[in-house]
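Worksheet: the structure to be examined is printed underneath.
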Amino acid sequence: MSQESIEGAAGGTLLPGVDAPDGSAERRLSGSLGVWSIVFMVVAAAAPLTVVAGVMPLGIALGNGSAFPAAYILCSIVLLLFAVGFTRMTPHLPNAGAFYTYIRSGLGRPFGLGAAYLALATYASVMLGVFGYVGAATRDLVDSYTGFSCPWWVYSAIAVVSVALLGYRHIEVSGKVLAVLLVCEIGVVLILNLVVVVKGGESGLSTDIINPAEFLSGSPGIALMFAIASFLGFEATVVYRDEAKDPDRTIPRATYLALVLIGGFYAFSAWALVTAWGDDGAVAEANNDPGGMLLSTVDRYLGGVGTDIVLVLLVSSIFAAILSFHNVASRYIFSLANAGALPGRAGRSHTRHGSPYAASLALSVFTVIMLIMFVAFDMDPVAQIFAWLVGTATLGVLTLMSLTSVSVIVFFRRSSLERNMWTTTVAPVAALVGLGVCLILTVKNFSLLIGGSMGLALAIQAVLVAFFTTGVCVALCRPNAATV
């Protein structure tokens, strides 16, 4: 396949030898997603309620205590700087390949294909990890209210079928489902936050969020690591380029809006969580019962009904994250297949729904196989499947964002497409420094992030390196096979 044919496929045209909708599949996606539809999908991937319930207590307990909310502000600034060059480069790359397209354009095809394999492993990992979590959360919810006991994997299997059906349909169907789920989960947390603020918390409103001395106390590096992990999925806005109404405008706006909403929501929610217990009380509660801290807070300020609602919405939040990551991963498979880096059949789109149905089905089959393996090895759905795989994805995304920042700098230095120093050099360099610090901290504390041993941490890191290296080797050994 020639380079022109491959790049045309990635950009949405038909591949040579592939018929139009008269019987065989087209090699393009379609849709009319607006800014808010894309925002809903990427914010849903961040699973806001799940972050409030699971990540924030750990950040408070293991990080820098009552000053942990400030970590979200710093991470938001770093990611907004990253978005400056990231979105400025978007109009010059008219295909929906996301990270690997950017990295290829700046650092060359071998690095691009290496990044593509790494990205696919990253998003597949987080999706599988959250499938384990949703099974455990649903099992506990059903058991607590009905007394009916059922293995976690049964509920995970139900989630697989539901996601497969939605992934097969038009992208706007998933967008509507995610919008409803997201509004509900964010709504209940905002209500809790406002009630805490109105009541004045345990001992007045916390001020440690603006206290530099408190932020530097404890382990601020670990705090930043947990905070950056909470933003997982925000960068997926560019994956929906082919399905956006006006991609050159919609994608940048959706990226900035998603970051501002996620960062603001997290900082406000973490601050309210600290305020609800008081500075010292929040640290004590987070250390004593990190998994139940949110529910205890809800019961304190909203009562038993509020707790029941949060329990249900926690499950829906996890499901929303799964659906969002499934959509992202299937579009990676679709783009790679159309670039010749994966079997061509996975690059077909549905003639009526305009969805990457073949890639979505392949991903669903892969998910079933992996769940069977997890059950066969008797892995814990939260402590092992979720913790290990989501930690893996965090490390993978940080690596991809760092490479992308380098690519943005190189791309604009080599071309004369942009002359603005802020968007082409200053912001990308600042982002690279910030992301580099976060990456180093994550590697250093990776065993803590995944809740495992140093040996396991090194093994997971080796797997990610292996995926990236495989992509580089494929590009070098098959120079005419793929141009991603």
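Scheme for the structure tokens: letters A, B, ... for chains in order shown; per-chain residue numbers from 1; ligand numbers from 1 in order shown.
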
All residues 9 Å or closer to Val43 in chain A, only C-alpha atoms, same chain fewer than 4 positions away omitted, as a compact mmCIF listing (two decimals) with N, CA, C and O atoms, in the first residue's frame:
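selection-v3.txt, freshly written:
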# COMPACT_ATOMS: atom_id res chain seq x y z
N ILE A 38 -18.39 15.47 22.90
CA ILE A 38 -17.02 14.97 23.08
C ILE A 38 -16.57 15.17 24.51
O ILE A 38 -15.92 14.30 25.11
N VAL A 39 -16.92 16.32 25.09
CA VAL A 39 -16.56 16.58 26.49
C VAL A 39 -17.16 15.51 27.40
O VAL A 39 -16.49 14.99 28.30
N ALA A 47 -14.05 9.18 34.98
CA ALA A 47 -14.84 8.59 36.06
C ALA A 47 -14.80 9.45 37.33
O ALA A 47 -14.26 9.03 38.36
N PRO A 48 -15.37 10.66 37.28
CA PRO A 48 -15.25 11.60 38.41
C PRO A 48 -15.65 11.04 39.77
O PRO A 48 -14.93 11.23 40.75
N LEU A 182 -23.11 10.90 33.36
CA LEU A 182 -22.15 11.88 33.87
C LEU A 182 -22.84 12.99 34.64
O LEU A 182 -22.36 13.39 35.72
N PHE A 231 -6.72 12.21 35.80
CA PHE A 231 -7.07 12.84 34.52
C PHE A 231 -7.03 11.85 33.36
O PHE A 231 -7.19 12.26 32.21
N GLY A 233 -7.56 9.85 30.32
CA GLY A 233 -8.60 9.83 29.30
C GLY A 233 -8.93 11.18 28.70
O GLY A 233 -9.59 11.24 27.66
N PHE A 234 -8.48 12.30 29.33
CA PHE A 234 -8.87 13.61 28.82
C PHE A 234 -8.35 13.85 27.41
O PHE A 234 -8.97 14.56 26.61
N ALA A 258 -12.86 20.24 28.66
CA ALA A 258 -12.77 19.02 29.47
C ALA A 258 -11.76 19.18 30.59
O ALA A 258 -12.01 18.80 31.75
N LEU A 259 -10.61 19.77 30.28
CA LEU A 259 -9.57 19.96 31.29
C LEU A 259 -10.03 20.91 32.40
O LEU A 259 -9.80 20.65 33.59
N LEU A 261 -13.10 21.66 33.30
CA LEU A 261 -14.18 21.04 34.07
C LEU A 261 -13.64 19.96 35.01
O LEU A 261 -14.00 19.91 36.19
N ILE A 262 -12.78 19.09 34.48
CA ILE A 262 -12.24 18.01 35.30
C ILE A 262 -11.39 18.57 36.43
O ILE A 262 -11.54 18.21 37.60
N ALA A 321 -17.10 4.99 32.42
CA ALA A 321 -15.67 4.99 32.11
C ALA A 321 -15.33 3.85 31.16
O ALA A 321 -14.55 4.03 30.21
N SER A 324 -16.49 4.69 27.62
CA SER A 324 -15.65 5.71 27.01
C SER A 324 -14.31 5.13 26.56
O SER A 324 -13.85 5.38 25.44

Open item on the list: If we count only C-alpha atoms and set the cut-off at 9 Å, which residues sit around Leu224 in chain A, ignoring sequence neighbours fewer than 4 positions away in its own chain? Please answer as a list in words.
Closed with: Gly59, Gly63, Phe68, Ala71, Tyr72, Leu74, Cys75, Ser219, Pro220, Ile228, Ala229, Cys438, Leu441 and Thr442 of chain A

Open item on the list: Which residues are near Pro91 in chain A? Cut-off 12 Å, only C-alpha atoms, ignore same chain within fewer than 5 positions. Put them as a list in words.
Closed with: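 Using only C-alpha atoms, the neighbours found are Gly85, Phe86, Ala96, Tyr102, Val238, Arg241, Asp246, Pro247, Asp248, Arg249, Thr250, Ile251, Pro252, Leu417 and Glu418 of chain A.
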
Residues just named, written with N, CA, C and O atoms as a compact mmCIF listing (two decimals), in the first residue's frame:
# COMPACT_ATOMS: atom_id res chain seq x y z
N GLY A 85 0.03 23.23 22.75
CA GLY A 85 0.69 22.73 21.55
C GLY A 85 -0.06 21.58 20.91
O GLY A 85 -0.12 21.45 19.68
N PHE A 86 -0.65 20.74 21.74
CA PHE A 86 -1.40 19.57 21.28
C PHE A 86 -2.54 19.98 20.34
O PHE A 86 -2.68 19.45 19.24
N ALA A 96 -7.51 10.98 12.60
CA ALA A 96 -7.94 10.77 13.98
C ALA A 96 -7.04 9.78 14.72
O ALA A 96 -7.50 8.98 15.51
N TYR A 102 0.62 12.36 16.12
CA TYR A 102 1.45 13.50 16.53
C TYR A 102 2.91 13.08 16.65
O TYR A 102 3.82 13.80 16.20
N VAL A 238 -9.06 14.05 20.54
CA VAL A 238 -8.64 14.01 19.13
C VAL A 238 -9.00 12.70 18.44
O VAL A 238 -9.01 12.62 17.21
N ARG A 241 -11.99 12.95 16.00
CA ARG A 241 -11.89 13.97 14.96
C ARG A 241 -12.80 13.69 13.77
O ARG A 241 -13.51 14.58 13.28
N ASP A 246 -17.11 20.07 13.32
CA ASP A 246 -16.10 20.96 12.76
C ASP A 246 -14.81 20.72 13.53
O ASP A 246 -14.49 21.43 14.48
N PRO A 247 -14.05 19.67 13.17
CA PRO A 247 -12.94 19.21 14.00
C PRO A 247 -11.90 20.26 14.34
O PRO A 247 -11.39 20.27 15.47
N ASP A 248 -11.58 21.16 13.43
CA ASP A 248 -10.55 22.16 13.71
C ASP A 248 -10.96 23.11 14.82
O ASP A 248 -10.11 23.70 15.50
N ARG A 249 -12.24 23.28 15.03
CA ARG A 249 -12.74 24.12 16.12
C ARG A 249 -13.21 23.28 17.30
O ARG A 249 -12.95 23.61 18.46
N THR A 250 -13.93 22.20 17.00
CA THR A 250 -14.56 21.39 18.05
C THR A 250 -13.53 20.72 18.95
O THR A 250 -13.66 20.74 20.18
N ILE A 251 -12.48 20.12 18.35
CA ILE A 251 -11.51 19.36 19.14
C ILE A 251 -10.75 20.25 20.13
O ILE A 251 -10.68 19.92 21.33
N PRO A 252 -10.18 21.39 19.71
CA PRO A 252 -9.50 22.24 20.71
C PRO A 252 -10.43 22.73 21.82
O PRO A 252 -10.06 22.72 23.00
N LEU A 417 4.76 26.48 9.69
CA LEU A 417 3.31 26.57 9.74
C LEU A 417 2.82 27.53 10.81
O LEU A 417 1.76 28.14 10.68
N GLU A 418 3.59 27.67 11.89
CA GLU A 418 3.19 28.55 12.99
C GLU A 418 4.40 29.39 13.42
O GLU A 418 5.53 28.90 13.47

TODO: Pick out the residues sitting within 9 Å of Leu190 in chain A, and hand them over as a VMD selection string; count only C-alpha atoms, and ignore anything fewer than 6 positions along from it in its own chain.
DONE: chain A and resid 265 268 to 269

Open item on the list: From the options A:Val433, A:Val55, A:Ile322, A:Ala339, which residue's atoms come nearest to Gly129 in chain A, counting only C-alpha atoms?
Closed with: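 Of A:Val433, A:Val55, A:Ile322, A:Ala339, the one nearest Gly129 in chain A is A:Ile322, counting only C-alpha atoms.
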
Open item on the list: Between A:Leu302, A:Val84, A:Ala53, A:Ala466, which residue has the minimum interatomic distance to Ala286 in chain A, considering only C-alpha atoms?
Closed with: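 Smallest separation from Ala286 in chain A among the options: A:Ala53.
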
Task: Residue neighbourhood Ser203 in chain A, 12 Å, only C-alpha atoms, exclusion window fewer than 6 positions, as a list of chain:residue names - done: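 With the cut-off at 12 Å, the set is A:Val196, A:Val197, A:Val274, A:Thr275, A:Ala276, A:Trp277, A:Gly278, A:Asp279, A:Asp280, A:Gly281, A:Ala282.
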
Open item on the list: Need the shell around range 460-462 of chain A: protein/DNA/RNA residues with any atom at most 9 Å away, counting only C-alpha atoms. Skip same-chain ones fewer than 4 positions apart. Format as a count of residues only?
Closed with: 10

- [ ] Would you please extract all alpha helix (DSSP H) residues from range 414-478 of chain A, as assigned by DSSP on the backbone, and give them as a ChimeraX atom specification?
- [x] /A:414,421,427-444,446-450,454-477

Generate a file of the selected residues that holds N, CA and C atoms, formatted as a compact mmCIF listing (two decimals), in the first residue's frame.
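Ended up saving to part-v4.txt:
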# COMPACT_ATOMS: atom_id res chain seq x y z
N ARG A 414 10.62 22.38 12.72
CA ARG A 414 10.96 21.94 11.37
C ARG A 414 10.11 22.61 10.30
N MET A 421 5.51 31.87 19.29
CA MET A 421 6.44 31.20 20.20
C MET A 421 5.73 30.55 21.39
N ALA A 427 4.93 27.01 25.72
CA ALA A 427 3.96 26.14 26.40
C ALA A 427 4.34 24.66 26.28
N PRO A 428 4.71 24.16 25.08
CA PRO A 428 5.10 22.75 24.98
C PRO A 428 6.32 22.39 25.84
N VAL A 429 7.31 23.29 25.91
CA VAL A 429 8.50 23.02 26.74
C VAL A 429 8.11 22.98 28.22
N ALA A 430 7.30 23.94 28.64
CA ALA A 430 6.84 23.95 30.04
C ALA A 430 6.04 22.69 30.36
N ALA A 431 5.20 22.27 29.42
CA ALA A 431 4.43 21.04 29.61
C ALA A 431 5.34 19.83 29.71
N LEU A 432 6.35 19.80 28.87
CA LEU A 432 7.30 18.68 28.88
C LEU A 432 8.01 18.58 30.22
N VAL A 433 8.40 19.70 30.77
CA VAL A 433 9.05 19.70 32.08
C VAL A 433 8.10 19.16 33.15
N GLY A 434 6.86 19.67 33.16
CA GLY A 434 5.88 19.22 34.14
C GLY A 434 5.54 17.75 33.99
N LEU A 435 5.33 17.31 32.76
CA LEU A 435 5.00 15.90 32.51
C LEU A 435 6.19 15.00 32.84
N GLY A 436 7.40 15.51 32.54
CA GLY A 436 8.60 14.73 32.87
C GLY A 436 8.73 14.49 34.36
N VAL A 437 8.44 15.52 35.15
CA VAL A 437 8.47 15.37 36.61
C VAL A 437 7.44 14.34 37.06
N CYS A 438 6.22 14.45 36.52
CA CYS A 438 5.16 13.49 36.87
C CYS A 438 5.54 12.07 36.46
N LEU A 439 6.16 11.93 35.30
CA LEU A 439 6.57 10.60 34.82
C LEU A 439 7.63 10.00 35.73
N ILE A 440 8.61 10.81 36.11
CA ILE A 440 9.67 10.32 37.01
C ILE A 440 9.08 9.91 38.36
N LEU A 441 8.18 10.73 38.88
CA LEU A 441 7.55 10.40 40.16
C LEU A 441 6.74 9.12 40.07
N THR A 442 6.04 8.93 38.93
CA THR A 442 5.23 7.74 38.76
C THR A 442 6.09 6.49 38.67
N VAL A 443 7.19 6.56 37.92
CA VAL A 443 8.10 5.41 37.82
C VAL A 443 8.70 5.09 39.19
N LYS A 444 9.09 6.15 39.90
CA LYS A 444 9.72 5.96 41.20
C LYS A 444 8.77 5.33 42.22
N PHE A 446 5.91 3.60 41.43
CA PHE A 446 4.95 2.79 40.68
C PHE A 446 4.42 1.63 41.49
N SER A 447 5.26 1.02 42.31
CA SER A 447 4.80 -0.11 43.11
C SER A 447 3.69 0.32 44.07
N LEU A 448 3.77 1.55 44.57
CA LEU A 448 2.71 2.09 45.44
C LEU A 448 1.44 2.33 44.65
N LEU A 449 1.56 2.84 43.42
CA LEU A 449 0.39 3.13 42.60
C LEU A 449 -0.40 1.87 42.28
N ILE A 450 0.29 0.77 42.00
CA ILE A 450 -0.40 -0.47 41.63
C ILE A 450 -0.70 -1.35 42.84
N MET A 454 7.82 -4.43 44.09
CA MET A 454 8.74 -3.81 43.15
C MET A 454 8.96 -4.72 41.95
N GLY A 455 8.99 -6.03 42.20
CA GLY A 455 9.15 -6.97 41.10
C GLY A 455 8.01 -6.88 40.10
N LEU A 456 6.78 -6.78 40.60
CA LEU A 456 5.63 -6.63 39.72
C LEU A 456 5.69 -5.32 38.97
N ALA A 457 6.11 -4.26 39.66
CA ALA A 457 6.22 -2.95 39.02
C ALA A 457 7.20 -3.00 37.86
N LEU A 458 8.35 -3.63 38.07
CA LEU A 458 9.35 -3.73 37.01
C LEU A 458 8.83 -4.58 35.85
N ALA A 459 8.08 -5.63 36.16
CA ALA A 459 7.53 -6.50 35.12
C ALA A 459 6.55 -5.74 34.24
N ILE A 460 5.68 -4.94 34.86
CA ILE A 460 4.70 -4.16 34.10
C ILE A 460 5.40 -3.12 33.23
N GLN A 461 6.39 -2.46 33.79
CA GLN A 461 7.14 -1.47 33.01
C GLN A 461 7.83 -2.14 31.82
N ALA A 462 8.33 -3.35 32.03
CA ALA A 462 8.99 -4.08 30.94
C ALA A 462 7.99 -4.42 29.83
N VAL A 463 6.75 -4.74 30.20
CA VAL A 463 5.73 -5.05 29.20
C VAL A 463 5.43 -3.82 28.34
N LEU A 464 5.33 -2.65 28.97
CA LEU A 464 5.07 -1.43 28.22
C LEU A 464 6.23 -1.12 27.27
N VAL A 465 7.44 -1.30 27.76
CA VAL A 465 8.61 -1.09 26.90
C VAL A 465 8.58 -2.06 25.73
N ALA A 466 8.15 -3.30 25.99
CA ALA A 466 8.10 -4.32 24.94
C ALA A 466 7.09 -3.94 23.86
N PHE A 467 5.94 -3.39 24.24
CA PHE A 467 4.95 -2.97 23.25
C PHE A 467 5.50 -1.86 22.38
N PHE A 468 6.13 -0.88 23.02
CA PHE A 468 6.69 0.24 22.26
C PHE A 468 7.79 -0.25 21.32
N THR A 469 8.65 -1.12 21.82
CA THR A 469 9.76 -1.64 21.01
C THR A 469 9.24 -2.47 19.84
N THR A 470 8.18 -3.23 20.07
CA THR A 470 7.59 -4.03 18.99
C THR A 470 7.12 -3.13 17.85
N GLY A 471 6.46 -2.04 18.21
CA GLY A 471 6.00 -1.11 17.18
C GLY A 471 7.15 -0.52 16.39
N VAL A 472 8.21 -0.15 17.09
CA VAL A 472 9.39 0.40 16.41
C VAL A 472 10.00 -0.64 15.47
N CYS A 473 10.10 -1.88 15.92
CA CYS A 473 10.68 -2.95 15.10
C CYS A 473 9.83 -3.24 13.87
N VAL A 474 8.50 -3.23 14.06
CA VAL A 474 7.61 -3.46 12.91
C VAL A 474 7.82 -2.38 11.86
N ALA A 475 7.93 -1.14 12.31
CA ALA A 475 8.13 -0.03 11.37
C ALA A 475 9.46 -0.15 10.63
N LEU A 476 10.51 -0.59 11.35
CA LEU A 476 11.82 -0.71 10.73
C LEU A 476 11.93 -1.93 9.81
N CYS A 477 11.27 -3.02 10.21
CA CYS A 477 11.36 -4.26 9.43
C CYS A 477 10.39 -4.31 8.26

- [ ] Between A:Tyr301, A:Tyr357, A:Tyr100, A:Trp271, single out the one closest to Ala116 in chain A, counting only C-alpha atoms.
- [x]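 The closest residue to Ala116 in chain A is A:Tyr100.
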
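Between CA of Val198 in chain A and CA of Val298 in chain A lies a distance of 14.5 Å.
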
Open item on the list: For a test of reading the model, state the distance in Å between CA of Leu398 in chain A and CA of Pro57 in chain A, rounded to one decimal.
Closed with: 22.1 Å

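Proximity of A:Ala359, A:Leu141, A:Leu342, A:Ala244 to Tyr117 in chain A, computed with only C-alpha atoms, is greatest for A:Leu342.
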
Task: CA of Glu235 in chain A to CA of Val410 in chain A, straight-line distance in Å - done: 19.8 Å

Open item on the list: I'd like to know which of A:Gly201, A:Gly132, A:Gly65, A:Gly112 is closest to Thr297 in chain A, using only C-alpha atoms.
Closed with: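 The shortest atom-to-atom distance to Thr297 in chain A comes from A:Gly201.
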